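J.: You'll find entry.txt just under this line, and it carries compact mmCIF, C-alpha atoms and all ligand atoms.
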```
# COMPACT_ATOMS: atom_id res chain seq x y z
CA MET O 1 0.00 0.00 0.00
CA VAL O 2 1.35 3.41 -0.95
CA ILE O 3 0.41 6.60 0.84
CA ASP O 4 0.65 9.71 -1.28
CA LYS O 5 0.58 12.35 1.46
CA LYS O 6 0.60 15.28 -0.98
CA ASN O 7 -2.60 14.20 -2.69
CA ASN O 8 -4.01 12.50 0.38
CA LYS O 9 -4.50 9.29 -1.59
CA ILE O 10 -3.88 5.69 -0.75
CA SER O 11 -3.43 3.07 -3.41
CA ASN O 12 -2.45 -0.56 -3.45
CA GLY O 13 0.85 0.50 -4.86
CA VAL O 14 0.72 -1.29 -8.19
CA LYS O 15 0.39 0.12 -11.65
CA ASN O 16 -1.99 -2.55 -12.86
CA LYS O 17 -4.95 -2.61 -10.60
CA LYS O 18 -5.50 -5.76 -8.57
CA THR O 19 -8.96 -7.20 -8.78
CA TYR O 20 -11.37 -8.66 -6.25
CA TYR O 21 -14.53 -10.69 -6.24
CA ILE O 22 -16.86 -11.31 -3.30
CA ILE O 23 -19.06 -14.35 -2.79
CA THR O 24 -21.71 -13.86 -0.13
CA ILE O 25 -23.55 -16.67 1.58
CA GLY O 26 -26.32 -16.10 4.10
CA CYS O 27 -28.34 -13.29 5.53
CA GLN O 28 -28.90 -9.61 4.82
CA MET O 29 -26.21 -8.65 7.34
CA ASN O 30 -23.68 -10.69 5.38
CA LYS O 31 -24.75 -8.94 2.18
CA SER O 32 -24.33 -5.60 3.90
CA ASP O 33 -20.89 -6.65 5.21
CA SER O 34 -19.85 -7.60 1.69
CA GLU O 35 -20.93 -4.18 0.40
CA ARG O 36 -18.63 -2.59 2.97
CA VAL O 37 -15.72 -4.89 2.15
CA ALA O 38 -16.21 -4.00 -1.55
CA ALA O 39 -16.17 -0.28 -0.76
CA TYR O 40 -13.05 -0.69 1.34
CA LEU O 41 -11.21 -2.66 -1.30
CA GLU O 42 -12.11 -0.17 -4.01
CA LYS O 43 -10.94 2.67 -1.84
CA TYR O 44 -7.57 0.96 -1.70
CA GLY O 45 -7.27 0.51 -5.41
CA PHE O 46 -8.87 -2.86 -6.13
CA SER O 47 -11.37 -3.16 -8.93
CA LEU O 48 -14.19 -5.64 -9.34
CA ALA O 49 -13.39 -8.76 -11.37
CA ARG O 50 -15.93 -10.42 -13.64
CA ASN O 51 -15.98 -13.55 -11.54
CA GLU O 52 -13.94 -15.47 -8.98
CA THR O 53 -11.77 -17.15 -11.59
CA LYS O 54 -10.52 -13.77 -12.84
CA ALA O 55 -9.85 -12.15 -9.45
CA ASP O 56 -6.58 -11.66 -7.58
CA LEU O 57 -8.49 -11.63 -4.32
CA VAL O 58 -11.60 -13.65 -3.56
CA VAL O 59 -13.51 -12.76 -0.40
CA LEU O 60 -15.94 -15.32 0.99
CA THR O 61 -18.50 -13.87 3.37
CA THR O 62 -19.58 -17.06 5.08
CA CYS O 63 -22.62 -18.28 6.99
CA GLY O 64 -22.49 -20.86 9.76
CA VAL O 65 -26.17 -20.99 10.60
CA ARG O 66 -26.73 -24.35 8.87
CA GLN O 67 -24.46 -27.23 7.93
CA ALA O 68 -25.50 -26.87 4.28
CA ALA O 69 -24.20 -23.27 4.18
CA GLU O 70 -20.94 -24.39 5.76
CA ASP O 71 -20.53 -27.25 3.25
CA ARG O 72 -21.00 -24.77 0.43
CA VAL O 73 -17.98 -22.82 1.69
CA TYR O 74 -15.77 -25.94 1.67
CA GLY O 75 -16.88 -26.64 -1.87
CA LEU O 76 -16.25 -23.07 -2.99
CA VAL O 77 -12.75 -22.85 -1.50
CA GLY O 78 -11.78 -26.06 -3.31
CA GLU O 79 -13.26 -24.85 -6.56
CA ILE O 80 -11.53 -21.44 -6.41
CA LYS O 81 -8.18 -23.08 -5.65
CA ARG O 82 -8.65 -25.40 -8.60
CA LYS O 83 -9.82 -22.82 -11.12
CA ASN O 84 -7.77 -19.85 -9.96
CA PRO O 85 -4.79 -21.15 -7.94
CA LYS O 86 -3.06 -17.74 -7.80
CA ALA O 87 -5.98 -16.01 -6.12
CA LYS O 88 -5.67 -15.07 -2.46
CA ILE O 89 -8.67 -16.20 -0.48
CA VAL O 90 -10.06 -14.13 2.37
CA LEU O 91 -12.61 -15.79 4.62
CA THR O 92 -14.87 -13.60 6.71
CA GLY O 93 -18.34 -14.01 8.23
CA CYS O 94 -19.63 -16.54 10.71
CA LEU O 95 -17.09 -19.28 10.01
CA SER O 96 -14.02 -17.10 10.33
CA GLU O 97 -13.43 -17.86 13.99
CA ARG O 98 -14.24 -21.53 14.07
CA LYS O 99 -11.13 -23.53 14.96
CA ASP O 100 -12.40 -26.70 13.26
CA VAL O 101 -13.05 -24.77 10.03
CA LYS O 102 -9.52 -23.31 10.17
CA LYS O 103 -8.12 -26.77 10.67
CA ARG O 104 -10.12 -28.20 7.81
CA LEU O 105 -9.30 -25.47 5.31
CA GLY O 106 -5.73 -24.92 6.55
CA ASP O 107 -3.55 -22.85 4.23
CA LYS O 108 -6.11 -22.88 1.43
CA VAL O 109 -7.34 -19.65 3.02
CA ASP O 110 -4.83 -16.78 3.01
CA VAL O 111 -6.54 -14.37 5.40
CA TRP O 112 -9.03 -15.11 8.17
CA LEU O 113 -10.96 -11.95 8.91
CA PRO O 114 -13.13 -12.46 11.99
CA ILE O 115 -16.37 -10.59 11.75
CA SER O 116 -16.32 -9.78 15.48
CA GLN O 117 -13.12 -7.79 14.86
CA ILE O 118 -14.38 -6.19 11.73
CA LEU O 119 -15.55 -3.16 13.71
CA ASN O 120 -11.93 -2.45 14.23
CA PHE O 121 -11.11 -3.25 10.67
CA LYS O 122 -7.41 -3.93 10.79
CA PHE O 123 -6.89 -4.41 7.21
CA GLN O 124 -4.90 -7.58 7.24
CA ILE O 125 -5.89 -8.23 3.66
CA LEU O 126 -3.77 -5.51 2.15
CA LYS O 127 -1.02 -6.07 4.65
CA LYS O 128 -0.71 -9.70 3.84
CA ILE O 129 -1.16 -9.45 0.12
CA ARG O 130 0.76 -6.37 -0.93
CA ASN O 131 3.38 -5.56 1.58
CA PRO O 132 3.99 -7.00 5.03
CA LYS O 133 5.54 -3.69 6.16
CA SER O 134 2.66 -1.51 5.05
CA GLU O 135 0.79 0.72 7.42
CA ILE O 136 -2.39 -0.75 8.86
CA ARG O 137 -5.25 1.66 9.25
CA ASN O 138 -8.10 1.10 11.61
CA CYS O 139 -11.54 2.19 10.69
CA ASP O 140 -14.97 1.90 12.10
CA TYR O 141 -16.54 -0.82 10.00
CA LEU O 142 -20.10 0.47 10.17
CA LYS O 143 -18.92 3.93 9.14
CA ILE O 144 -17.62 2.63 5.82
CA LYS O 145 -19.93 3.80 3.08
CA PRO O 146 -21.02 0.57 1.42
CA LYS O 147 -20.79 -0.10 -2.27
CA TYR O 148 -24.53 -0.70 -2.58
CA SER O 149 -25.20 -3.61 -4.87
CA SER O 150 -28.62 -2.29 -5.94
CA LYS O 151 -29.40 1.09 -7.45
CA PHE O 152 -32.85 1.38 -5.86
CA SER O 153 -32.94 -0.70 -2.66
CA ALA O 154 -30.30 -0.46 0.03
CA PHE O 155 -29.48 -2.29 3.22
CA LEU O 156 -28.74 0.22 5.93
CA ALA O 157 -27.02 -1.48 8.88
CA ILE O 158 -28.13 0.17 12.12
CA GLY O 159 -26.09 -2.17 14.29
CA ASN O 160 -24.29 -5.43 14.53
CA GLY O 161 -24.00 -8.37 16.92
CA CYS O 162 -26.40 -10.10 19.27
CA ASN O 163 -26.75 -10.51 23.04
CA ASN O 164 -29.39 -13.22 22.98
CA PHE O 165 -27.50 -16.51 22.71
CA CYS O 166 -30.28 -18.66 21.33
CA ALA O 167 -29.08 -22.20 21.98
CA TYR O 168 -28.68 -23.14 18.30
CA CYS O 169 -27.16 -19.93 16.97
CA VAL O 170 -23.58 -18.98 16.15
CA VAL O 171 -24.20 -15.28 15.60
CA PRO O 172 -23.30 -13.96 19.10
CA TYR O 173 -20.00 -15.86 18.90
CA ALA O 174 -19.28 -14.85 15.33
CA ARG O 175 -20.34 -11.21 15.50
CA GLY O 176 -19.89 -10.42 19.18
CA ARG O 177 -22.20 -8.33 21.36
CA GLU O 178 -24.64 -5.74 20.10
CA VAL O 179 -23.38 -2.36 18.99
CA TYR O 180 -25.56 0.30 17.40
CA ARG O 181 -24.82 3.27 15.19
CA PRO O 182 -25.78 6.77 16.26
CA ALA O 183 -29.19 7.84 14.90
CA LYS O 184 -27.53 10.91 13.34
CA GLU O 185 -25.30 8.72 11.22
CA ILE O 186 -28.21 6.47 10.16
CA LEU O 187 -30.30 9.49 9.23
CA ALA O 188 -27.47 10.94 7.15
CA GLU O 189 -27.05 7.66 5.25
CA ALA O 190 -30.80 7.34 4.67
CA LYS O 191 -31.08 10.95 3.46
CA ASN O 192 -28.21 10.44 1.10
CA LEU O 193 -29.77 7.27 -0.34
CA ILE O 194 -33.10 8.98 -0.91
CA LYS O 195 -31.41 12.01 -2.44
CA ASN O 196 -29.76 9.60 -4.87
CA GLY O 197 -33.08 8.12 -5.94
CA TYR O 198 -33.28 5.02 -3.75
CA ARG O 199 -36.82 3.73 -3.37
CA GLU O 200 -36.30 1.43 -0.46
CA VAL O 201 -34.23 1.58 2.71
CA ILE O 202 -33.94 -1.66 4.69
CA LEU O 203 -32.83 -1.06 8.26
CA ILE O 204 -30.98 -4.15 9.41
CA ALA O 205 -29.45 -5.55 12.58
CA GLN O 206 -29.64 -8.94 14.27
CA ASN O 207 -32.24 -7.61 16.66
CA VAL O 208 -33.54 -4.22 15.53
CA ASN O 209 -35.87 -4.04 18.53
CA SER O 210 -32.91 -3.55 20.90
CA TYR O 211 -31.70 -0.46 19.03
CA LYS O 212 -30.70 2.35 21.40
CA ASP O 213 -28.98 5.67 20.97
CA GLY O 214 -29.56 7.66 24.16
CA LYS O 215 -33.30 8.30 24.27
CA ILE O 216 -33.83 7.07 20.72
CA ASN O 217 -35.19 3.54 20.55
CA PHE O 218 -36.11 1.68 17.36
CA SER O 219 -39.63 3.13 17.15
CA LYS O 220 -38.24 6.65 17.37
CA LEU O 221 -35.60 5.83 14.78
CA LEU O 222 -38.31 4.59 12.41
CA LYS O 223 -40.22 7.85 12.87
CA ILE O 224 -37.08 9.87 12.14
CA VAL O 225 -36.42 7.98 8.88
CA ASN O 226 -40.12 8.10 7.99
CA ASN O 227 -40.00 11.91 8.22
CA ILE O 228 -37.44 12.25 5.45
CA PRO O 229 -39.24 13.77 2.46
CA GLY O 230 -39.34 11.61 -0.67
CA ASP O 231 -41.01 8.70 -2.36
CA PHE O 232 -39.62 5.58 -0.71
CA TRP O 233 -40.39 2.54 1.42
CA ILE O 234 -38.84 1.56 4.74
CA ARG O 235 -38.38 -2.04 5.77
CA PHE O 236 -36.59 -3.55 8.72
CA ALA O 237 -35.26 -6.91 9.89
CA THR O 238 -34.97 -8.78 12.14
CA SER O 239 -37.36 -8.52 15.07
CA HIS O 240 -37.24 -10.68 18.16
CA PRO O 241 -40.64 -11.62 19.65
CA LYS O 242 -39.42 -11.01 23.19
CA ASP O 243 -38.49 -7.41 22.36
CA MET O 244 -41.14 -6.36 19.88
CA SER O 245 -43.18 -3.67 21.62
CA ASN O 246 -46.68 -2.31 21.17
CA GLU O 247 -45.00 1.06 20.67
CA LEU O 248 -43.34 -0.37 17.56
CA ILE O 249 -46.63 -1.80 16.25
CA LYS O 250 -48.22 1.62 16.72
CA THR O 251 -45.31 3.34 14.99
CA MET O 252 -45.53 0.97 12.01
CA THR O 253 -49.25 1.64 11.77
CA ASN O 254 -48.80 5.40 11.78
CA CYS O 255 -45.75 5.70 9.55
CA GLY O 256 -46.92 5.69 5.94
CA ARG O 257 -43.55 4.80 4.46
CA VAL O 258 -43.01 1.77 6.68
CA CYS O 259 -43.99 -1.40 4.81
CA LYS O 260 -46.65 -3.49 6.44
CA HIS O 261 -44.60 -6.65 6.56
CA ILE O 262 -43.24 -8.16 9.73
CA HIS O 263 -40.69 -10.91 9.84
CA LEU O 264 -41.03 -12.39 13.30
CA PRO O 265 -39.08 -15.62 13.80
CA VAL O 266 -41.07 -18.00 16.01
CA GLN O 267 -38.61 -20.94 15.83
CA ALA O 268 -40.98 -23.38 17.61
CA GLY O 269 -44.60 -23.61 18.67
CA ASN O 270 -44.03 -25.33 21.99
CA ASP O 271 -42.99 -23.63 25.24
CA LYS O 272 -40.62 -26.37 26.36
CA VAL O 273 -38.79 -26.30 23.06
CA LEU O 274 -38.68 -22.49 23.11
CA LYS O 275 -37.17 -22.66 26.58
CA ALA O 276 -34.57 -25.20 25.47
CA MET O 277 -33.79 -22.86 22.58
CA ASN O 278 -33.34 -20.00 25.08
CA ARG O 279 -35.80 -17.83 23.19
CA ASN O 280 -37.29 -16.18 26.29
CA TYR O 281 -40.92 -15.93 25.20
CA THR O 282 -43.89 -18.26 25.20
CA VAL O 283 -46.25 -19.33 22.46
CA ALA O 284 -49.00 -17.30 24.16
CA HIS O 285 -46.81 -14.19 24.02
CA TYR O 286 -46.14 -14.75 20.32
CA LYS O 287 -49.82 -15.26 19.53
CA ASN O 288 -50.70 -12.12 21.44
CA LEU O 289 -48.17 -10.11 19.44
CA ILE O 290 -49.67 -11.37 16.18
CA LYS O 291 -53.15 -10.49 17.45
CA ASN O 292 -52.00 -6.94 18.21
CA ILE O 293 -50.29 -6.61 14.82
CA ARG O 294 -53.38 -7.82 12.95
CA GLN O 295 -55.68 -5.58 14.96
CA ALA O 296 -53.54 -2.54 14.17
CA MET O 297 -52.68 -3.48 10.56
CA PRO O 298 -55.12 -6.01 9.10
CA GLU O 299 -53.32 -5.85 5.76
CA ALA O 300 -49.90 -6.76 7.24
CA SER O 301 -48.14 -9.88 6.02
CA ILE O 302 -46.36 -12.00 8.57
CA THR O 303 -43.39 -14.21 7.87
CA THR O 304 -41.29 -16.34 10.17
CA ASP O 305 -38.33 -18.65 10.71
CA VAL O 306 -38.79 -22.05 12.28
CA ILE O 307 -36.51 -24.93 13.18
CA VAL O 308 -37.76 -28.51 13.08
CA GLY O 309 -36.11 -31.38 14.96
CA PHE O 310 -34.38 -29.36 17.67
CA PRO O 311 -32.74 -31.81 20.15
CA GLY O 312 -35.43 -33.49 22.21
CA GLU O 313 -38.36 -32.14 20.17
CA THR O 314 -41.02 -34.85 20.42
CA LYS O 315 -43.73 -35.54 17.85
CA LYS O 316 -46.25 -34.03 20.23
CA GLN O 317 -44.18 -30.87 20.67
CA PHE O 318 -43.78 -30.57 16.93
CA SER O 319 -47.55 -30.93 16.50
CA ASN O 320 -47.87 -27.71 18.53
CA THR O 321 -45.73 -25.96 15.91
CA ALA O 322 -47.98 -27.33 13.16
CA LYS O 323 -50.99 -26.10 15.14
CA LEU O 324 -49.46 -22.66 15.48
CA PHE O 325 -48.83 -22.56 11.74
CA ARG O 326 -52.51 -23.34 11.09
CA LYS O 327 -53.56 -20.65 13.54
CA ILE O 328 -51.26 -17.81 12.50
CA LYS O 329 -51.56 -18.46 8.76
CA PHE O 330 -48.11 -17.22 7.83
CA ASP O 331 -47.45 -15.66 4.45
CA MET O 332 -44.00 -17.21 4.26
CA ALA O 333 -41.75 -19.25 6.52
CA TYR O 334 -38.12 -20.25 6.30
CA ILE O 335 -38.22 -23.78 7.61
CA ALA O 336 -34.88 -25.25 8.68
CA ARG O 337 -34.07 -28.76 9.75
CA TYR O 338 -31.97 -28.46 12.90
CA SER O 339 -28.25 -29.04 12.41
CA PRO O 340 -25.78 -28.85 15.31
CA ARG O 341 -23.47 -25.86 15.18
CA PRO O 342 -20.10 -26.18 16.93
CA GLY O 343 -19.62 -23.75 19.80
CA THR O 344 -23.32 -23.26 20.54
CA ALA O 345 -25.10 -24.44 23.69
CA ALA O 346 -27.25 -26.91 21.73
CA TYR O 347 -24.15 -28.54 20.26
CA LYS O 348 -23.74 -30.39 23.55
CA LEU O 349 -27.23 -31.87 23.25
CA LYS O 350 -27.92 -35.13 21.47
CA ASP O 351 -29.16 -34.49 17.93
CA ASP O 352 -31.78 -37.14 18.49
CA VAL O 353 -34.43 -36.46 15.85
CA ALA O 354 -33.75 -38.70 12.86
CA PRO O 355 -33.05 -36.96 9.53
CA GLU O 356 -36.12 -38.59 7.90
CA GLU O 357 -38.30 -37.32 10.74
CA LYS O 358 -36.89 -33.79 10.37
CA LYS O 359 -37.70 -33.98 6.68
CA ARG O 360 -41.22 -35.18 7.43
CA ARG O 361 -41.78 -32.30 9.87
CA GLU O 362 -40.45 -29.80 7.36
CA GLU O 363 -42.79 -31.14 4.70
CA GLU O 364 -45.78 -31.03 7.03
CA LEU O 365 -45.15 -27.36 7.82
CA MET O 366 -44.56 -26.58 4.17
CA LYS O 367 -47.92 -28.10 3.26
CA ILE O 368 -49.72 -25.92 5.82
CA LEU O 369 -47.73 -22.88 4.72
CA ARG O 370 -48.62 -23.32 1.03
CA LYS O 371 -52.28 -23.49 1.95
CA THR O 372 -52.32 -20.46 4.28
CA ALA O 373 -50.11 -18.39 1.97
CA LEU O 374 -52.49 -19.07 -0.92
CA GLU O 375 -55.51 -18.16 1.21
CA ASN O 376 -53.81 -14.91 2.22
CA ASN O 377 -52.93 -14.11 -1.39
CA GLU O 378 -56.48 -14.69 -2.58
CA LYS O 379 -57.39 -11.45 -0.80
CA TYR O 380 -55.32 -9.57 -3.39
CA LEU O 381 -57.34 -10.77 -6.39
CA GLY O 382 -58.85 -7.87 -8.33
CA LYS O 383 -57.10 -5.26 -6.17
CA THR O 384 -54.76 -2.59 -7.47
CA ILE O 385 -51.58 -2.34 -5.43
CA GLU O 386 -48.27 -0.54 -5.52
CA VAL O 387 -45.32 -2.63 -6.69
CA LEU O 388 -41.63 -1.80 -6.66
CA ILE O 389 -40.12 -3.22 -9.85
CA SER O 390 -36.91 -5.13 -9.29
CA GLY O 391 -36.13 -6.53 -12.74
CA LYS O 392 -37.14 -8.26 -15.93
CA ASN O 393 -37.04 -12.00 -16.62
CA LYS O 394 -35.85 -13.78 -19.74
CA ARG O 395 -39.36 -13.82 -21.16
CA GLY O 396 -39.45 -10.02 -21.01
CA GLU O 397 -41.84 -9.87 -18.05
CA TRP O 398 -41.20 -7.36 -15.32
CA TYR O 399 -41.28 -8.51 -11.72
CA GLY O 400 -41.21 -6.80 -8.36
CA TYR O 401 -42.73 -6.93 -4.92
CA THR O 402 -45.37 -5.26 -2.80
CA GLY O 403 -44.96 -3.43 0.49
CA THR O 404 -46.22 -6.64 2.09
CA ASN O 405 -43.30 -8.43 0.41
CA LYS O 406 -45.29 -10.44 -2.10
CA ASN O 407 -43.52 -11.26 -5.35
CA VAL O 408 -45.43 -9.98 -8.35
CA LYS O 409 -45.01 -10.95 -11.97
CA ILE O 410 -46.29 -8.36 -14.40
CA ARG O 411 -47.83 -9.04 -17.77
CA ILE O 412 -47.25 -6.18 -20.19
CA THR O 413 -49.14 -5.88 -23.41
CA ASN O 414 -48.22 -2.25 -24.05
CA TYR O 415 -45.09 -2.10 -26.25
CA GLU O 416 -44.05 1.23 -24.79
CA LEU O 417 -43.89 -0.21 -21.28
CA ARG O 418 -42.13 -3.30 -22.56
CA ILE O 419 -39.15 -1.26 -23.71
CA THR O 420 -39.11 1.31 -20.89
CA ASN O 421 -36.73 0.51 -18.07
CA LEU O 422 -38.98 0.14 -15.06
CA THR O 423 -36.39 -1.21 -12.62
CA GLY O 424 -36.55 0.71 -9.35
CA LYS O 425 -39.88 2.34 -10.19
CA PHE O 426 -43.16 2.20 -8.31
CA VAL O 427 -46.07 1.09 -10.49
CA LYS O 428 -49.72 0.33 -9.83
CA VAL O 429 -50.60 -3.25 -10.64
CA LYS O 430 -54.02 -4.86 -10.84
CA ILE O 431 -53.77 -8.42 -9.51
CA THR O 432 -55.31 -10.94 -11.87
CA LYS O 433 -53.88 -14.23 -10.63
CA VAL O 434 -52.55 -15.54 -7.32
CA ARG O 435 -50.33 -18.43 -6.34
CA ASP O 436 -49.13 -19.55 -2.92
CA PHE O 437 -45.90 -17.57 -3.06
CA GLY O 438 -46.64 -14.97 -5.69
CA LEU O 439 -49.07 -12.73 -7.49
CA GLU O 440 -49.54 -11.79 -11.12
CA GLY O 441 -51.08 -8.71 -12.63
CA THR O 442 -51.06 -5.96 -15.19
CA ILE O 443 -49.94 -2.35 -14.91
CA VAL O 444 -52.86 0.06 -14.70
S1 LIG O 501 -31.63 -13.45 18.33
FE1 LIG O 501 -30.99 -15.60 18.57
S2 LIG O 501 -31.19 -16.43 16.49
FE2 LIG O 501 -31.17 -14.22 16.29
S3 LIG O 501 -29.01 -13.69 15.93
FE3 LIG O 501 -29.38 -13.52 18.13
S4 LIG O 501 -28.78 -15.51 18.97
FE4 LIG O 501 -29.07 -15.78 16.75
```
Could the structure of this file be written out as structure tokens, please?
T.:
Amino acid sequence: MVIDKKNNKISNGVKNKKTYYIITIGCQMNKSDSERVAAYLEKYGFSLARNETKADLVVLTTCGVRQAAEDRVYGLVGEIKRKNPKAKIVLTGCLSERKDVKKRLGDKVDVWLPISQILNFKFQILKKIRNPKSEIRNCDYLKIKPKYSSKFSAFLAIGNGCNNFCAYCVVPYARGREVYRPAKEILAEAKNLIKNGYREVILIAQNVNSYKDGKINFSKLLKIVNNIPGDFWIRFATSHPKDMSNELIKTMTNCGRVCKHIHLPVQAGNDKVLKAMNRNYTVAHYKNLIKNIRQAMPEASITTDVIVGFPGETKKQFSNTAKLFRKIKFDMAYIARYSPRPGTAAYKLKDDVAPEEKKRREEELMKILRKTALENNEKYLGKTIEVLISGKNKRGEWYGYTGTNKNVKIRITNYELRITNLTGKFVKVKITKVRDFGLEGTIV
């Protein structure tokens, strides 16, 4: 790395630019992390390669929430080494601090960048790759202006880390304890996005409900962002049922720009299992929250995460989850078969639900979900709703999503609209057809 003090510029010190490529696995926070890593690398002279086989530096932002995500990382590292042996591999994200992963991948990975240290972003990458004697600069990770991957919808990280230690989850170990950005900084980023034409701001943190900056809690923060003038939507994720307040429900109801979609992970529909998971709420509490949400916002869509086959989960206990699914009528659910994650509290428990039984439970929930999601979508038939267009498919049909997070495919007969670029635009769509996980309609 070369520091040109006269021009106040820092480069990677090579005439021909080095290139990078980032592969992101996992959640919205990981995507947001990758956008920051991209911005940082570009600031220091790297440019984006076409793909991982053409890059000098390949960053893997990893996820350790499920075994399948972890296996994908092993596969990717092997593939990159085979196809692009000269590339340096940087591994960040949830797997970057796992000793067994380090042992397994050994020197195939050049730099391990723990996400819990990323707040104090000692840029080992440049140090290791360009010049071992180069100066290392610290920077506040959340202050890095991300290289947003979309031109109309942006993740805006309001914090990082988690204090909750759910028994199955690696996040508190991988990301450390909760830290939140000052409201002033969040507001400035949101204003800047809207000024630049962004139509959607997604406030993200592991547990948005715990947001705190002095007297500003998450509800107040939502109001502040909602007051920015402009034509845009606000979304947020993720909420924790133990922390979601009636104040927040009221704020969502009253803030016109806040989308009426709530992702509220339930994880299980039985109190004993919830306790074993260390979730700190009961099924009754969850149901009550949903009742309050539906009373305040009857149009709201509700989505969830659930784990089937947690250690010790009996058939009877699982049947309570199925019952809860029938009762709540979720619009969407991310159903995961439990897999033990090293380092977590549940790792010490016997993974005693057979794989076939986990599969059966997953399928049972999926069947209920398809039915309830379709019933919910039927309410949209014949209605005209606002859709944010996100792209065009190979058949030339535009697609997008509603404020309630329903995917919408749009049939266009008008030639003019067919050739106009609608990406990132709000359009009114009349719904003519519904499926379990999507709607179809025409622009009016
Ligand atoms: S709330 Fe629980 S599941 Fe969510 S990130 Fe924190 S520990 Fe993991």
J.: Taking all atoms listed in the file into account, report as a PDB file with C-alpha atoms, in the frame of the given file which residues have an atom no farther than 7 Å from an atom of ligand LIG 501 (chain O).
T.:
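Final output, saved to pocket-v1.pdb:
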```
ATOM      1  CA  CYS O 162     -26.400 -10.100  19.270  1.00  0.00           C
ATOM      2  CA  ASN O 163     -26.750 -10.510  23.040  1.00  0.00           C
ATOM      3  CA  ASN O 164     -29.390 -13.220  22.980  1.00  0.00           C
ATOM      4  CA  PHE O 165     -27.500 -16.510  22.710  1.00  0.00           C
ATOM      5  CA  CYS O 166     -30.280 -18.660  21.330  1.00  0.00           C
ATOM      6  CA  CYS O 169     -27.160 -19.930  16.970  1.00  0.00           C
ATOM      7  CA  VAL O 170     -23.580 -18.980  16.150  1.00  0.00           C
ATOM      8  CA  VAL O 171     -24.200 -15.280  15.600  1.00  0.00           C
ATOM      9  CA  PRO O 172     -23.300 -13.960  19.100  1.00  0.00           C
ATOM     10  CA  GLN O 206     -29.640  -8.940  14.270  1.00  0.00           C
ATOM     11  CA  ASN O 207     -32.240  -7.610  16.660  1.00  0.00           C
ATOM     12  CA  HIS O 240     -37.240 -10.680  18.160  1.00  0.00           C
TER      13      HIS O 240
END
```
J.: How many Å lie between CA of Val73 in chain O and CA of Ser32 in chain O, rounded to one decimal?
T.: 18.5 Å
J.: List the spatial neighbours of range 279-287 of chain O as number ranges by chain - criterion: any atom at most 8 Å away, all atoms listed in the file, same-chain residues fewer than 5 positions off excluded.
T.: O: 164, 166, 241-242, 266, 269-271, 274, 328
J.: So what do you get for CA of Lys88 in chain O versus CA of Lys103 in chain O, distance-wise?
T.: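 So the two atoms, CA of Lys88 in chain O and CA of Lys103 in chain O, lie 17.8 Å apart.
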J.: Give me the residues near Pro340 in chain O as a VMD selection string, where near means some atom within 9 Å (using all atoms listed in the file) and where sequence neighbours in that chain fewer than 5 positions away do not count.
T.: chain O and resid 66 to 67 168 310 to 311 346 to 349 351
J.: Which distance in Å separates CA of Tyr180 in chain O and CA of Ala205 in chain O, to one decimal?
T.: 8.5 Å
J.: Using only C-alpha atoms, which residues sit within 6 Å of range 417-433 of chain O once same-chain residues fewer than 5 positions away are excluded, as a ChimeraX atom specification?
T.: /O:152,381-391,439-444
J.: Considering all atoms listed in the file, state which residue in the set O:Ile307, O:His261, O:Ser219, O:Lys272 is at the smallest distance from Glu247 in chain O.
T.: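 Selected residue with least distance to Glu247 in chain O: O:Ser219.
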J.: Quick one: range 308-314 of chain O with N, CA, C and O atoms, as a CSV table (one decimal), in the coordinates of the input?
T.:
```csv
chain,number,residue,atom,x,y,z
O,308,VAL,N,-37.1,-27.2,12.7
O,308,VAL,CA,-37.8,-28.5,13.1
O,308,VAL,C,-36.7,-29.5,13.5
O,308,VAL,O,-35.6,-29.5,13.0
O,309,GLY,N,-37.0,-30.3,14.5
O,309,GLY,CA,-36.1,-31.4,15.0
O,309,GLY,C,-35.0,-30.9,15.9
O,309,GLY,O,-33.9,-31.4,15.9
O,310,PHE,N,-35.3,-29.8,16.7
O,310,PHE,CA,-34.4,-29.4,17.7
O,310,PHE,C,-34.2,-30.5,18.7
O,310,PHE,O,-35.1,-31.3,18.9
O,311,PRO,N,-33.0,-30.7,19.2
O,311,PRO,CA,-32.7,-31.8,20.2
O,311,PRO,C,-33.9,-32.0,21.2
O,311,PRO,O,-34.2,-31.0,21.9
O,312,GLY,N,-34.4,-33.2,21.2
O,312,GLY,CA,-35.4,-33.5,22.2
O,312,GLY,C,-36.8,-33.1,21.8
O,312,GLY,O,-37.8,-33.5,22.5
O,313,GLU,N,-37.0,-32.5,20.6
O,313,GLU,CA,-38.4,-32.1,20.2
O,313,GLU,C,-39.2,-33.4,19.8
O,313,GLU,O,-38.8,-34.1,18.9
O,314,THR,N,-40.2,-33.6,20.6
O,314,THR,CA,-41.0,-34.8,20.4
O,314,THR,C,-42.0,-34.6,19.3
O,314,THR,O,-42.3,-33.4,18.9
```
